[in-house]
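Single-structure report; data block below.
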Amino acid sequence: MIDSETVRKLRQLDLGEFVDTLEMQEMDQDTRHLPFDERLQLSIDYLYQEKYNKRVSGLIKRSKFRIQEADVASIH
(Lines give C-alpha, C1' and ligand atoms only; values in the text may rest on other atoms or scores of the structure.)
Protein backbone atom coordinates (compact mmCIF):
# COMPACT_ATOMS: atom_id res chain seq x y z
CA MET A 1 0.00 0.00 0.00
CA ILE A 2 1.10 3.55 -0.56
CA ASP A 3 2.28 5.58 2.41
CA SER A 4 0.26 8.31 4.11
CA GLU A 5 2.33 11.14 2.62
CA THR A 6 1.53 9.96 -0.91
CA VAL A 7 -2.15 9.63 0.01
CA ARG A 8 -2.11 13.19 1.33
CA LYS A 9 -0.52 14.46 -1.87
CA LEU A 10 -3.03 12.60 -4.05
CA ARG A 11 -5.92 14.06 -2.08
CA GLN A 12 -4.38 17.53 -2.32
CA LEU A 13 -4.23 17.05 -6.10
CA ASP A 14 -7.98 16.29 -5.96
CA LEU A 15 -7.37 12.60 -6.70
CA GLY A 16 -9.16 11.25 -3.63
CA GLU A 17 -11.20 8.88 -5.77
CA PHE A 18 -7.98 7.34 -7.04
CA VAL A 19 -6.88 6.72 -3.45
CA ASP A 20 -10.26 5.10 -2.78
CA THR A 21 -9.83 2.72 -5.71
CA LEU A 22 -6.34 1.79 -4.54
CA GLU A 23 -7.71 1.05 -1.06
CA MET A 24 -10.52 -1.06 -2.54
CA GLN A 25 -7.95 -3.01 -4.57
CA GLU A 26 -5.82 -3.54 -1.46
CA MET A 27 -8.76 -5.12 0.36
CA ASP A 28 -9.66 -7.39 -2.59
CA GLN A 29 -7.57 -10.55 -2.64
CA ASP A 30 -8.06 -11.05 -6.40
CA THR A 31 -6.62 -7.68 -7.41
CA ARG A 32 -3.99 -7.47 -4.71
CA HIS A 33 -1.60 -9.78 -6.57
CA LEU A 34 -2.07 -8.30 -10.05
CA PRO A 35 0.84 -6.54 -11.73
CA PHE A 36 1.08 -2.76 -11.44
CA ASP A 37 -0.09 -2.00 -14.99
CA GLU A 38 -3.22 -4.14 -14.62
CA ARG A 39 -4.09 -2.54 -11.29
CA LEU A 40 -3.56 0.91 -12.76
CA GLN A 41 -5.78 0.03 -15.72
CA LEU A 42 -8.53 -1.25 -13.39
CA SER A 43 -8.32 1.94 -11.33
CA ILE A 44 -8.52 4.19 -14.36
CA ASP A 45 -11.43 2.23 -15.84
CA TYR A 46 -13.30 2.44 -12.53
CA LEU A 47 -12.66 6.18 -12.16
CA TYR A 48 -13.70 6.86 -15.75
CA GLN A 49 -16.97 4.96 -15.29
CA GLU A 50 -17.72 6.69 -11.98
CA LYS A 51 -17.15 10.17 -13.43
CA TYR A 52 -19.21 9.28 -16.52
CA ASN A 53 -22.09 8.03 -14.36
CA LYS A 54 -21.98 11.20 -12.21
CA ARG A 55 -22.01 13.35 -15.33
CA VAL A 56 -25.00 11.49 -16.78
CA SER A 57 -26.84 11.74 -13.45
CA GLY A 58 -26.21 15.48 -13.34
CA LEU A 59 -27.44 15.93 -16.89
CA ILE A 60 -30.59 13.95 -16.13
CA LYS A 61 -31.27 16.06 -13.02
CA ARG A 62 -30.75 19.31 -14.91
CA SER A 63 -32.97 18.14 -17.78
CA LYS A 64 -36.02 18.30 -15.50
CA PHE A 65 -37.62 15.24 -17.05
CA ARG A 66 -40.99 14.41 -15.63
CA ILE A 67 -39.83 10.86 -14.80
CA GLN A 68 -36.09 10.98 -14.14
CA GLU A 69 -35.74 7.25 -13.52
CA ALA A 70 -37.24 6.40 -16.93
CA ASP A 71 -35.28 3.81 -18.89
CA VAL A 72 -35.45 3.00 -22.58
CA ALA A 73 -35.15 -0.71 -21.77
CA SER A 74 -38.42 -0.60 -19.78
CA ILE A 75 -40.53 0.60 -22.72
CA HIS A 76 -43.08 -2.01 -23.76
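Each chain of the C-alpha coordinates is named A, B, ... in the order shown, its residues numbered from 1; ligands are numbered from 1 in display order.
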* Asked: Residues at most 10 Å from range 42-49 of chain A, counting only C-alpha atoms, excluding those fewer than 5 positions away in the same chain, as an MDAnalysis selection string?
  -> chainID A and resid 15 17:22 24:25 31 36:37 54:55
* alpha helix (DSSP H) positions in chain A, given as number ranges by chain -> A: 4-12, 16-27, 29-32, 36-63
* Asked: Please, what distance in Å, to one decimal, runs between CA of His76 in chain A and CA of Gly58 in chain A?
  -> 26.4 Å
* Asked: What is the distance, in Å and to one decimal place, between CA of Asp3 in chain A and CA of Glu23 in chain A?
  ->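 Atom-to-atom, CA of Asp3 in chain A to CA of Glu23 in chain A, that is 11.5 Å.
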* Interatomic distance, CA of Met27 in chain A to CA of Gln12 in chain A (Å, one decimal) ->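 Atom-to-atom, CA of Met27 in chain A to CA of Gln12 in chain A, that is 23.2 Å.
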